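To be precise, the following lines are my_file_2.csv, and they hold CSV, C-alpha atoms.
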```csv
chain,number,residue,atom,x,y,z
K,38,MET,CA,161.2,-55.8,13.5
K,39,ILE,CA,157.9,-54.4,14.7
K,40,LYS,CA,155.5,-56.9,16.4
K,41,ARG,CA,151.8,-57.4,15.7
K,42,ARG,CA,150.6,-55.4,18.7
K,43,ASP,CA,152.7,-52.4,17.6
K,44,PHE,CA,151.4,-52.9,14.0
K,45,ILE,CA,147.8,-52.6,15.2
K,46,ILE,CA,148.7,-49.4,17.1
K,47,ASN,CA,150.7,-47.9,14.3
K,48,SER,CA,148.0,-48.8,11.8
K,49,GLY,CA,145.4,-47.1,13.8
K,50,LEU,CA,147.5,-44.0,14.0
K,51,ALA,CA,148.1,-44.0,10.3
K,52,LEU,CA,144.4,-44.4,9.6
K,53,GLY,CA,143.7,-41.4,11.9
K,54,ALA,CA,146.2,-39.3,10.0
K,55,LEU,CA,144.5,-40.3,6.8
K,56,ALA,CA,141.1,-39.1,8.1
K,57,ILE,CA,142.7,-35.7,8.9
K,58,ALA,CA,144.5,-35.4,5.6
K,59,PRO,CA,142.8,-37.6,2.9
K,60,SER,CA,144.8,-35.9,0.2
K,61,LEU,CA,147.7,-38.1,1.3
K,62,ALA,CA,145.9,-41.2,0.0
K,63,PHE,CA,147.4,-42.9,-3.0
K,64,SER,CA,145.0,-42.8,-6.0
K,65,ILE,CA,144.3,-46.3,-7.3
K,66,LYS,CA,141.6,-47.1,-9.8
K,67,PRO,CA,139.4,-50.2,-10.0
K,68,LYS,CA,141.1,-51.2,-13.3
K,69,ASN,CA,144.3,-51.8,-11.2
K,70,ILE,CA,142.7,-54.5,-9.0
K,71,GLY,CA,144.6,-57.7,-9.7
K,72,LEU,CA,144.2,-61.4,-8.7
K,73,GLN,CA,147.0,-64.0,-8.1
K,74,LEU,CA,145.6,-66.9,-10.1
K,75,TYR,CA,146.9,-69.4,-7.6
K,76,THR,CA,143.8,-68.5,-5.7
K,77,LEU,CA,141.8,-70.6,-8.1
K,78,ARG,CA,144.3,-73.4,-8.4
K,79,GLU,CA,141.9,-76.3,-8.0
K,80,ALA,CA,139.7,-75.1,-10.9
K,81,PHE,CA,142.6,-74.0,-13.1
K,82,SER,CA,143.8,-77.4,-14.1
K,83,LYS,CA,140.3,-78.3,-15.3
K,84,ASP,CA,139.2,-75.3,-17.2
K,85,VAL,CA,141.7,-72.5,-18.0
K,86,LYS,CA,139.3,-70.6,-20.3
K,87,GLY,CA,136.4,-70.8,-17.9
K,88,VAL,CA,138.5,-69.7,-14.9
K,89,LEU,CA,139.8,-66.6,-16.7
K,90,GLU,CA,136.3,-65.7,-17.9
K,91,HIS,CA,135.1,-65.9,-14.3
K,92,VAL,CA,138.0,-63.7,-13.1
K,93,ALA,CA,137.0,-61.0,-15.6
K,94,LYS,CA,133.3,-61.2,-14.7
K,95,SER,CA,134.3,-60.8,-11.0
K,96,GLY,CA,135.7,-57.4,-11.8
K,97,TYR,CA,139.5,-58.0,-12.1
K,98,LYS,CA,141.5,-56.4,-14.8
K,99,GLU,CA,145.0,-57.6,-13.9
K,100,VAL,CA,146.2,-61.1,-13.0
K,101,GLU,CA,149.4,-62.7,-11.8
K,102,THR,CA,150.2,-66.0,-13.3
K,103,TYR,CA,151.7,-69.2,-11.7
K,104,GLY,CA,152.3,-72.8,-12.7
K,105,TYR,CA,154.1,-72.2,-16.0
K,106,SER,CA,155.9,-75.2,-17.4
K,107,ALA,CA,158.3,-75.1,-20.4
K,108,GLU,CA,156.7,-78.3,-21.7
K,109,LYS,CA,153.0,-77.7,-20.9
K,110,GLY,CA,152.7,-73.9,-20.7
K,111,PHE,CA,149.9,-73.1,-18.3
K,112,PHE,CA,148.1,-76.3,-17.5
K,113,GLY,CA,148.3,-77.5,-21.1
K,114,THR,CA,147.7,-74.1,-22.6
K,115,SER,CA,150.5,-72.5,-24.5
K,116,PRO,CA,151.6,-69.0,-23.5
K,117,LYS,CA,150.4,-67.7,-26.9
K,118,ASP,CA,146.9,-69.2,-26.4
K,119,PHE,CA,146.8,-68.2,-22.7
K,120,LYS,CA,147.6,-64.6,-23.8
K,121,LYS,CA,144.7,-64.7,-26.3
K,122,ILE,CA,142.2,-65.9,-23.6
K,123,LEU,CA,143.4,-63.1,-21.3
K,124,THR,CA,143.0,-60.5,-24.1
K,125,ASP,CA,139.5,-61.8,-25.1
K,126,ASN,CA,138.5,-61.2,-21.5
K,127,GLY,CA,140.1,-57.8,-21.0
K,128,LEU,CA,142.7,-59.1,-18.7
K,129,LYS,CA,146.5,-58.3,-18.5
K,130,ALA,CA,149.0,-60.6,-16.9
K,131,THR,CA,151.1,-57.8,-15.4
K,132,SER,CA,153.2,-60.2,-13.4
K,133,GLY,CA,154.1,-63.9,-13.1
K,134,HIS,CA,155.5,-66.3,-10.6
K,135,TYR,CA,158.2,-68.6,-12.1
K,136,ASP,CA,160.4,-71.3,-10.7
K,137,PHE,CA,163.9,-70.0,-9.8
K,138,LYS,CA,165.2,-73.1,-8.0
K,139,SER,CA,167.6,-74.3,-10.7
K,140,PHE,CA,169.0,-70.9,-11.4
K,141,ILE,CA,169.6,-70.1,-7.7
K,142,LYS,CA,171.0,-73.5,-6.9
K,143,ASP,CA,173.1,-74.3,-10.0
K,144,GLY,CA,173.1,-71.1,-12.2
K,145,ASN,CA,171.1,-73.0,-14.8
K,146,VAL,CA,169.6,-70.3,-17.1
K,147,ASP,CA,167.5,-72.5,-19.3
K,148,PHE,CA,164.2,-72.3,-17.4
K,149,LEU,CA,164.8,-68.6,-16.6
K,150,LYS,CA,165.2,-67.8,-20.3
K,151,SER,CA,162.0,-69.8,-21.0
K,152,SER,CA,160.2,-67.9,-18.3
K,153,ILE,CA,161.4,-64.5,-19.6
K,154,GLU,CA,160.2,-65.6,-23.1
K,155,CYS,CA,156.9,-66.6,-21.7
K,156,ALA,CA,156.5,-63.3,-19.8
K,157,ASN,CA,157.2,-61.3,-23.0
K,158,ILE,CA,154.6,-63.3,-24.9
K,159,LEU,CA,152.1,-62.5,-22.2
K,160,GLY,CA,153.1,-58.8,-22.3
K,161,SER,CA,154.0,-58.9,-18.6
K,162,GLU,CA,156.0,-56.3,-16.7
K,163,TYR,CA,157.4,-58.5,-14.0
K,164,VAL,CA,159.0,-61.9,-13.4
K,165,VAL,CA,158.8,-62.9,-9.8
K,166,VAL,CA,160.8,-65.2,-7.5
K,167,PRO,CA,157.9,-66.8,-5.6
K,168,TRP,CA,159.5,-69.1,-3.1
K,169,LEU,CA,162.8,-70.4,-1.8
K,170,GLU,CA,163.0,-74.1,-1.2
K,171,GLU,CA,164.2,-74.9,2.4
K,172,SER,CA,167.5,-76.5,1.2
K,173,LEU,CA,168.5,-73.1,-0.3
K,174,ARG,CA,168.1,-71.1,2.9
K,175,SER,CA,169.5,-72.9,5.9
K,176,LYS,CA,171.7,-70.0,7.1
K,177,LEU,CA,172.1,-66.3,6.8
K,178,ASP,CA,175.0,-66.6,4.3
K,179,ASP,CA,172.7,-68.5,2.0
K,180,TYR,CA,170.6,-65.3,1.6
K,181,LYS,CA,173.7,-63.4,0.5
K,182,GLN,CA,174.3,-65.9,-2.3
K,183,ILE,CA,170.6,-65.8,-3.1
K,184,ALA,CA,170.7,-62.0,-3.3
K,185,GLN,CA,173.6,-62.2,-5.8
K,186,LYS,CA,171.7,-64.7,-8.0
K,187,ILE,CA,168.7,-62.5,-7.9
K,188,ASN,CA,170.8,-59.6,-9.1
K,189,GLU,CA,172.1,-61.8,-12.0
K,190,ALA,CA,168.5,-62.8,-12.9
K,191,ALA,CA,167.3,-59.3,-12.7
K,192,ALA,CA,170.0,-58.2,-15.2
K,193,LEU,CA,168.9,-60.9,-17.6
K,194,CYS,CA,165.3,-59.7,-17.2
K,195,LYS,CA,166.2,-56.1,-17.8
K,196,GLN,CA,167.9,-57.1,-21.1
K,197,SER,CA,164.6,-58.4,-22.2
K,198,GLY,CA,162.6,-55.4,-21.1
K,199,LEU,CA,161.3,-57.0,-17.9
K,200,LYS,CA,161.6,-56.3,-14.2
K,201,LEU,CA,162.3,-58.8,-11.4
K,202,ALA,CA,160.6,-58.9,-8.0
K,203,TYR,CA,160.9,-61.1,-4.9
K,204,HIS,CA,157.9,-62.4,-3.1
K,205,ASN,CA,158.1,-63.3,0.6
K,206,HIS,CA,156.5,-65.8,3.0
K,207,ASP,CA,157.3,-65.7,6.7
K,208,PHE,CA,160.6,-67.7,6.8
K,209,GLU,CA,162.6,-64.8,5.4
K,210,PHE,CA,161.9,-63.0,8.7
K,211,MET,CA,163.4,-65.7,10.9
K,212,LYS,CA,166.2,-64.2,13.0
K,213,TYR,CA,169.8,-65.3,12.7
K,214,GLY,CA,171.3,-63.2,15.5
K,215,ASN,CA,170.1,-59.7,15.0
K,216,GLN,CA,169.4,-60.1,11.3
K,217,CYS,CA,167.0,-62.0,9.1
K,218,GLY,CA,167.1,-63.2,5.5
K,219,TYR,CA,164.8,-60.4,4.4
K,220,ASP,CA,167.2,-57.8,5.7
K,221,ILE,CA,169.9,-59.3,3.5
K,222,LEU,CA,167.7,-59.5,0.4
K,223,LEU,CA,166.8,-55.8,0.8
K,224,GLN,CA,170.3,-54.7,1.5
K,225,GLU,CA,172.2,-56.7,-1.1
K,226,THR,CA,170.0,-56.7,-4.1
K,227,ASP,CA,170.4,-53.9,-6.6
K,228,LYS,CA,167.8,-51.2,-6.0
K,229,LYS,CA,167.9,-50.3,-9.6
K,230,LEU,CA,167.2,-53.9,-10.7
K,231,VAL,CA,165.3,-55.7,-8.0
K,232,ASP,CA,161.8,-54.8,-6.7
K,233,PHE,CA,159.9,-56.6,-3.9
K,234,GLU,CA,156.4,-58.0,-3.9
K,235,LEU,CA,155.4,-57.7,-0.3
K,236,ASP,CA,153.0,-60.4,0.8
K,237,LEU,CA,151.1,-58.4,3.5
K,238,TYR,CA,149.6,-61.4,5.2
K,239,TRP,CA,152.9,-63.2,5.6
K,240,ALA,CA,154.6,-60.0,6.8
K,241,VAL,CA,152.0,-59.5,9.5
K,242,ARG,CA,151.9,-63.1,10.4
K,243,SER,CA,155.7,-63.1,10.9
K,244,GLY,CA,155.2,-60.3,13.5
K,245,ASN,CA,156.2,-57.4,11.2
K,246,ASP,CA,154.6,-54.0,10.4
K,247,PRO,CA,154.3,-53.3,6.7
K,248,LEU,CA,154.2,-49.6,7.5
K,249,GLN,CA,157.6,-49.8,9.1
K,250,LEU,CA,159.0,-51.8,6.2
K,251,PHE,CA,157.7,-49.0,3.9
K,252,LYS,CA,159.4,-46.3,6.0
K,253,THR,CA,162.7,-48.2,6.2
K,254,ASN,CA,162.7,-49.1,2.5
K,255,PRO,CA,160.7,-46.5,0.7
K,256,GLY,CA,159.8,-47.2,-2.9
K,257,ARG,CA,161.0,-50.8,-3.0
K,258,PHE,CA,157.6,-52.6,-2.6
K,259,THR,CA,156.2,-52.0,-6.1
K,260,MET,CA,153.8,-54.9,-5.8
K,261,TRP,CA,151.7,-56.4,-3.0
K,262,HIS,CA,149.8,-59.6,-2.2
K,263,VAL,CA,146.6,-58.6,-0.5
K,264,LYS,CA,145.1,-61.4,1.6
K,265,ASP,CA,143.4,-61.2,4.9
K,266,MET,CA,144.1,-63.0,8.2
K,267,ASP,CA,141.3,-65.0,9.8
K,268,LYS,CA,140.5,-63.3,13.2
K,269,SER,CA,140.4,-66.6,15.1
K,270,LYS,CA,143.0,-68.7,13.3
K,271,VAL,CA,146.0,-66.7,12.1
K,272,GLU,CA,147.1,-69.5,9.9
K,273,TRP,CA,144.0,-69.2,7.8
K,274,ASN,CA,143.1,-66.7,5.1
K,275,THR,CA,139.7,-65.0,4.7
K,276,GLU,CA,138.1,-62.5,2.3
K,277,ILE,CA,139.6,-59.1,2.2
K,278,GLY,CA,137.9,-57.0,4.9
K,279,GLU,CA,136.7,-60.0,6.9
K,280,GLY,CA,140.0,-60.5,8.8
K,281,SER,CA,142.3,-58.7,11.2
K,282,ILE,CA,144.7,-56.8,8.9
K,283,ASN,CA,144.1,-53.1,8.7
K,284,PHE,CA,144.3,-52.6,5.0
K,285,LYS,CA,143.0,-49.1,5.1
K,286,ALA,CA,146.1,-48.0,7.0
K,287,ILE,CA,148.4,-49.9,4.6
K,288,PHE,CA,146.8,-48.6,1.4
K,289,ALA,CA,147.1,-45.1,2.8
K,290,GLU,CA,150.9,-45.5,2.5
K,291,ALA,CA,150.9,-47.0,-1.0
K,292,LYS,CA,152.9,-44.1,-2.3
K,293,LEU,CA,155.6,-44.5,0.3
K,294,SER,CA,155.7,-48.2,-0.5
K,295,GLY,CA,156.1,-47.5,-4.2
K,296,MET,CA,153.2,-49.8,-4.9
K,297,GLN,CA,152.2,-49.9,-8.6
K,298,HIS,CA,150.3,-53.2,-8.7
K,299,PHE,CA,148.6,-55.4,-6.1
K,300,PHE,CA,147.0,-58.9,-6.3
K,301,VAL,CA,144.3,-60.3,-4.1
K,302,GLU,CA,145.2,-63.9,-3.1
K,303,GLN,CA,144.0,-66.8,-1.0
K,304,GLU,CA,146.3,-69.7,-0.2
K,305,THR,CA,145.7,-73.2,0.9
K,306,ASN,CA,144.4,-72.5,4.5
K,307,TYR,CA,141.0,-71.2,3.4
K,308,SER,CA,137.6,-72.7,3.8
K,309,PRO,CA,135.0,-70.8,1.7
K,310,ASN,CA,134.8,-71.4,-2.1
K,311,PRO,CA,137.5,-69.2,-3.7
K,312,THR,CA,135.5,-69.0,-6.9
K,313,ASP,CA,132.8,-67.1,-5.1
K,314,SER,CA,134.9,-65.2,-2.6
K,315,ILE,CA,137.1,-63.4,-5.2
K,316,LYS,CA,134.1,-61.3,-6.0
K,317,THR,CA,133.5,-60.5,-2.3
K,318,SER,CA,137.2,-59.4,-2.0
K,319,TRP,CA,137.0,-57.3,-5.2
K,320,GLU,CA,133.9,-55.5,-3.9
K,321,TYR,CA,135.5,-54.7,-0.5
K,322,VAL,CA,138.7,-53.5,-2.2
K,323,SER,CA,136.9,-51.4,-4.8
K,324,LYS,CA,134.6,-49.8,-2.3
K,325,ASN,CA,136.9,-49.3,0.7
K,326,LEU,CA,140.5,-49.3,-0.3
K,327,ILE,CA,140.9,-47.4,-3.6
```
Give the structure from the file, written as structure tokens.
Amino acid sequence: MIKRRDFIINSGLALGALAIAPSLAFSIKPKNIGLQLYTLREAFSKDVKGVLEHVAKSGYKEVETYGYSAEKGFFGTSPKDFKKILTDNGLKATSGHYDFKSFIKDGNVDFLKSSIECANILGSEYVVVPWLEESLRSKLDDYKQIAQKINEAAALCKQSGLKLAYHNHDFEFMKYGNQCGYDILLQETDKKLVDFELDLYWAVRSGNDPLQLFKTNPGRFTMWHVKDMDKSKVEWNTEIGEGSINFKAIFAEAKLSGMQHFFVEQETNYSPNPTDSIKTSWEYVSKNLI
């Protein structure tokens, strides 16, 4: 894997190449700018309608959902009503993060089927594996079993007209000898069924170069999470364009990546008000990256 110092160097070279041959840039329109709704998690449980209205007013056209419950829908709002609020605000839930723990651990398909049904009600394209609980991933062989379960889940998604993607953090890149869990997931999942949602922040934070990942696995990263790394505290997020990640170099290789959708996101280690900052990030992305 490529370390952060090499990533900075490679990113600079890629940006220089883009300046020489701008026709290589991948054309993305403002209507494609998405937001992972987890960014606004503190406000969401209080005012679903108000939050989605604010997302639309901030310029976003696509969203990625989280927090679905078979009993409570999205924070007490049914998938059908949630879909109506999205539509009323010109938003599309292209993708959604759903809980895969019971399916990966025990093969229980009940919640997976509920998630697939929800995704279809919303008119989504993707169902995403967002996180692996630590108990599921204690050794490299665990990732081989996870890859098989992901293949099975992806087949069920395909039967319902959906695609499945896997979203990473940093733990997937932890080495077991000369391999890591992410290597196994990329190698042992079916390329025809399983896509990857590359979280650019976590990839860089783990010491990896997204550009090298694109080169090694072209076309597999059909979605991205775009969140910036604070320049002084790498464990913190910041607005897009305010941190240390060279997004211009990364976006220049969107076609190689296979990227079709991306979602701005801020996680828990973040100090400004996310309700205000999503507009700042949208403006930077729309003016500088697409």
Pick out the closest residue to Ile70 of chain K from this set: K:Glu225, K:Asp236, K:Glu101, K:Asp136. Count only C-alpha atoms.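 Once distances to Ile70 of chain K are computed over only C-alpha atoms, the minimum belongs to K:Glu101.
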Find the nearest atom pair between each residue of segment 257-326 of chain K and segment 147-171 of chain K for residues within 12 Å, count all atoms listed in the file, give distances in Å to one decimal, sort rows by chain and ascending number, and present the table as a tab-separated table.
```
residue	atom	partner	partner_atom	distance
K:Thr259	CA	K:Tyr163	CA	10.3
K:Met260	CA	K:Tyr163	CA	9.7
K:Trp261	CA	K:Val165	CA	11.8
K:His262	CA	K:Pro167	CA	11.4
K:Gln297	CA	K:Glu162	CA	11.0
K:His298	CA	K:Glu162	CA	10.3
```
Residue nearest Gly87 of chain K among K:Asn283, K:Asn126, K:Thr317, K:Thr253 (counting only C-alpha atoms): K:Asn126
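Around segment 247-251 of chain K, within 7 Å and counting all atoms listed in the file, the residues found are Leu237, Ala240, Ile287, Leu293 and Ser294 of chain K, once anything fewer than 6 positions away on its own chain is removed.
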Same residues, C-alpha atoms, saved as a PDB file, in the coordinates of the input:
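Wrote it out as selection_6.pdb, contents follow:
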```
ATOM      1  CA  LEU K 237     151.100 -58.400   3.500  1.00  0.00           C
ATOM      2  CA  ALA K 240     154.600 -60.000   6.800  1.00  0.00           C
ATOM      3  CA  ILE K 287     148.400 -49.900   4.600  1.00  0.00           C
ATOM      4  CA  LEU K 293     155.600 -44.500   0.300  1.00  0.00           C
ATOM      5  CA  SER K 294     155.700 -48.200  -0.500  1.00  0.00           C
TER       6      SER K 294
END
```
From the list K:Ser308, K:Gly127, K:Ile221, K:Ser281, the nearest residue to Lys268 of chain K using only C-alpha atoms is K:Ser281
d(atom CA of Gly295 of chain K, atom CA of Gly104 of chain K) in Å: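 We find that atom CA of Gly295 of chain K and atom CA of Gly104 of chain K lie 27.0 Å from each other.
Here atom CA of Gly113 of chain K and atom CA of Val92 of chain K stand 19.0 Å from one another.
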Set the distance at 10 Å and use all atoms listed in the file: which residues neighbour Leu223 of chain K once local chain neighbours fewer than 2 positions away are removed? I'd like the list as a ChimeraX atom specification. /K:184,203,218-221,225-228,231-233,254,257
Could you tell me how far atom CA of Asn325 of chain K lies from atom CA of Gly71 of chain K, in Å and to one decimal? 15.4 Å
Show me the residues close to (147.1, -62.6, -13.3) - anything with an atom within 6 Å, counting all atoms listed in the file - and format the list as a ChimeraX atom specification. /K:72-74,99-102,130
Here is a test: counting all atoms listed in the file, which residue of K:Lys292, K:Lys229, K:Lys109, K:Lys316 is nearest to Ser82 of chain K? K:Lys109
Selection: 9 Å around Phe284 of chain K, only C-alpha atoms, excl. self and same-chain fewer than 6 positions, as a list in words: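 With the cut-off at 9 Å, the set is Ser48, Val263, Asp265, Ile277, Gly278 and Leu326 of chain K.
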Do you know which residues lie at most 9 Å from (171.2, -62.9, -3.5), with coordinates as in the file and all atoms listed in the file counted, and could you write them as a PyMOL selection string? chain K and resi 141+179-189+221-222+225-226
